[in-house]
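Enquirer: Before I ask anything, here is the structure I am working with.
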Amino acid sequence: MPDAKPAAAMAPRVTWITAGQADLTEPAQMPEGKVLRYGLGFPFQVAKGKAAVFCNLRLENVTVYDYEYGTDVILFDDLANISTEGAVPVSRNETHKDPQTGEDRIVVKYPVIGGFVPLGAKRADGTPHPHAGTGFGICQAISFPMNDKGEFSWKDKYIHRLESHQFSYDGEAFTGVKGTPQEGHTHPPIGDTGWRINAPGITNAVPDGDDLLQALHAVKGGVSASGLARWRRSEGVWRPVEFSPVTPQGESWAEPSVVRDGDGSLLFNARGVGEGRANLVKVWRSADAGATWELIIDSPRTRQEAPVSISRTADGTPYIGACLPAHGRETLCIWPLKADRTALGNAIVVRTARGEFGPPPGGSTWMVDHPSGAVVLLGDGKWHNVLAYRILQHAEFSGKEPARHSGCYLEEVFSSGPAIPPWRF
């Protein structure tokens, strides 16, 4: 847990946000006969002075919505100098023949999201963190019948599974090992709680002592909830051991996110779907490491029906990232939380795609979405809040060529207060 600030000092101090060109577009190695494009990004700290981003790949020139292709880990120490050279593939789509039916199947891999203890990290007492240089990731791995084009259709019956990974970094190489699914289990159990992981959230985990806390979506006895999972490492493996549901069980809340506030408490957000939840922003707070939660912000008609997340600046100012209502997904904004954490402040525009780029070449609309942030220490010795998001034109889901502006963007959200480091080195 970082050094806490008194509540009176926790005022919004966002000063400006960069707005550059796409940082990640095409992988350095393109498979023969395929066109891939980077999209969603989820940044995290990998070592002192070095960060990384889980970045998913999407298959282009196909008429299938959300045809993902896997995830790369891309390391960087300078936001102005991010390169796909040396990208580490940690997940890729797979094909196989069903041993019972004999049909060809394709397993489509969605973004890997998890947690990592950076190499060189220390505990609060200054001793080395026992799990430094290791982490985990999970992704949805959905199995479809493969058609004669070698593709899949959402209209076909599919099998939803979760895939787990163990990661390590030794200062030279970032490596990953895919876990072996438990026999008969498509979704990993969370300790002996009865809950099973259904999908990761939209931000990477935050530290809590020797453990990592991850926002995710889970299912128990046919009832689902978004909440906070505690991951613990033993015998060289990170495993989920506890789960605290946050959203009302049985309601539709997905793609959750979690951040630690400047006073040490946890703030949690999730994306509501349907029944009056689609444009709502809710923030829950926990002062006891996720054991209990209190709803502190309930803001209706605030966002477009699209992914939403909570992050924080380097100085500890939390903010909501989402698309502006009535703009489709073309305008991405952040809303800093007010100092007393009871309401959202005014929206600050991050990107307005149509205003900046004009109409998309495919004649549809722009999508500027899936914001995900993290505070990381880069090579200049300073803490930076990196906000990742994707831009693409919606017509790419109908087989149009990728637009010039399509890709993964990593921007910096600047703030004026002193940094509250999430890690000690």
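By order in the structure tokens, chains are A, B, ...; within a chain, residues start at 1; ligands start at 1, following the order shown.
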Mind checking which residues fall within 9 Å of Arg354 in chain A, counting only C-alpha atoms, ignoring those fewer than 4 positions away in the same chain, and posting them as a compact mmCIF listing (two decimals) with N, CA and C atoms, in the first residue's frame?
Expert:
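Final output, saved to result.txt:
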# COMPACT_ATOMS: atom_id res chain seq x y z
N GLU A 330 -17.29 8.07 -30.25
CA GLU A 330 -16.32 8.90 -30.96
C GLU A 330 -15.57 9.88 -30.07
N THR A 331 -16.07 10.14 -28.86
CA THR A 331 -15.42 11.10 -27.96
C THR A 331 -15.13 10.44 -26.62
N GLY A 358 -11.79 13.66 -38.93
CA GLY A 358 -12.83 13.71 -39.94
C GLY A 358 -13.63 12.41 -39.95
N PRO A 359 -14.53 12.23 -40.90
CA PRO A 359 -15.30 10.99 -40.96
C PRO A 359 -14.40 9.81 -41.30
N PRO A 360 -14.68 8.64 -40.77
CA PRO A 360 -13.83 7.48 -41.08
C PRO A 360 -13.97 7.09 -42.55
N THR A 365 -18.56 4.91 -38.24
CA THR A 365 -18.24 5.78 -37.11
C THR A 365 -16.91 5.34 -36.51
N TRP A 366 -16.28 6.26 -35.77
CA TRP A 366 -15.07 5.92 -35.03
C TRP A 366 -15.44 5.27 -33.70
Enquirer: Would you return as number ranges by chain the members of range 157-401 of chain A that DSSP assigns to helix (DSSP H, G or I) on this structure's backbone?
Expert: A: 353-357, 394-398
Enquirer: May I have all residues of range 241-357 of chain A that DSSP, computed from the backbone, assigns to strand (DSSP E or B), given as a ChimeraX atom specification?
Expert: /A:241-245,253-260,266-272,281-286,294-299,309-312,318-323,329,331-337,344,348-352
Enquirer: Tell me, as a VMD selection string, which residues lie within 6 Å of Glu255 in chain A, counting only C-alpha atoms; anything in the same chain fewer than 6 positions away does not count.
Expert: chain A and resid 201 to 202 270 to 271
Enquirer: Tell me which protein, DNA and RNA residues are within 10 Å of Pro256 in chain A, counting only C-alpha atoms, leaving out same-chain ones fewer than 4 positions away, and put them as a list in words.
Expert: Ala199, Pro200, Gly201, Ile202, Thr203, Gln214, Ala215, Leu216, His217, Ala225, Ser226, Gly227, Leu228, Val246, Thr247, Phe268, Asn269, Ala270, Arg271, Gly272, Pro307, Val308, Ser309 and Ile310 of chain A
Enquirer: Work out how far apart CA of Gly41 in chain A and CA of Phe174 in chain A are and give it in Å to one decimal.
Expert: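 Computed distance, CA of Gly41 in chain A to CA of Phe174 in chain A, equals 17.1 Å.
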Enquirer: For Ile138 in chain A, which residue out of A:Val107, A:Val90, A:Val259, A:Leu378 is the nearest one, using only C-alpha atoms?
Expert: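 Nearest to Ile138 in chain A: A:Val90.
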Enquirer: Distance CA of Ser415 in chain A-CA of Val283 in chain A, one decimal place?
Expert: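 For CA of Ser415 in chain A relative to CA of Val283 in chain A, the distance reads 21.4 Å.
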Enquirer: Quick one: of A:Arg58, A:Lys282, A:Phe243, A:Ala51, who's nearest to Lys34 in chain A, counting only C-alpha atoms?
Expert: A:Arg58
Enquirer: Name the closest residue to Asp170 in chain A among the candidates A:Trp154, A:Ala395, A:Thr63, A:Gly133; distances are taken between atoms, counting only C-alpha atoms.
Expert: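 Among the listed residues, A:Gly133 lies closest to Asp170 in chain A.
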Enquirer: Just want the 8 Å neighbourhood of range 99-103 of chain A, counted on only C-alpha atoms, with same-chain residues fewer than 2 positions away dropped. Output as JSON, numbers by chain.
Expert: {"A": [97, 105, 145, 146]}
Enquirer: Would you mind telling me which residue in A:Asn147, A:Asn93, A:Thr342, A:Ser244 lies nearest to Ile190 in chain A when using only C-alpha atoms?
Expert: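 Of A:Asn147, A:Asn93, A:Thr342, A:Ser244, the one nearest Ile190 in chain A, counting only C-alpha atoms, is A:Ser244.
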Enquirer: How far is it from CA of Thr352 in chain A to CA of Leu392 in chain A, in Å with one decimal?
Expert: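 These two atoms are separated by 12.7 Å.
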Enquirer: Restricting the calculation to only C-alpha atoms: of A:Ala205, A:Ala388, A:Ile17, A:Ala403, which residue gets closest to Cys55 in chain A?
Expert: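 Of A:Ala205, A:Ala388, A:Ile17, A:Ala403, the one nearest Cys55 in chain A is A:Ala388, counting only C-alpha atoms.
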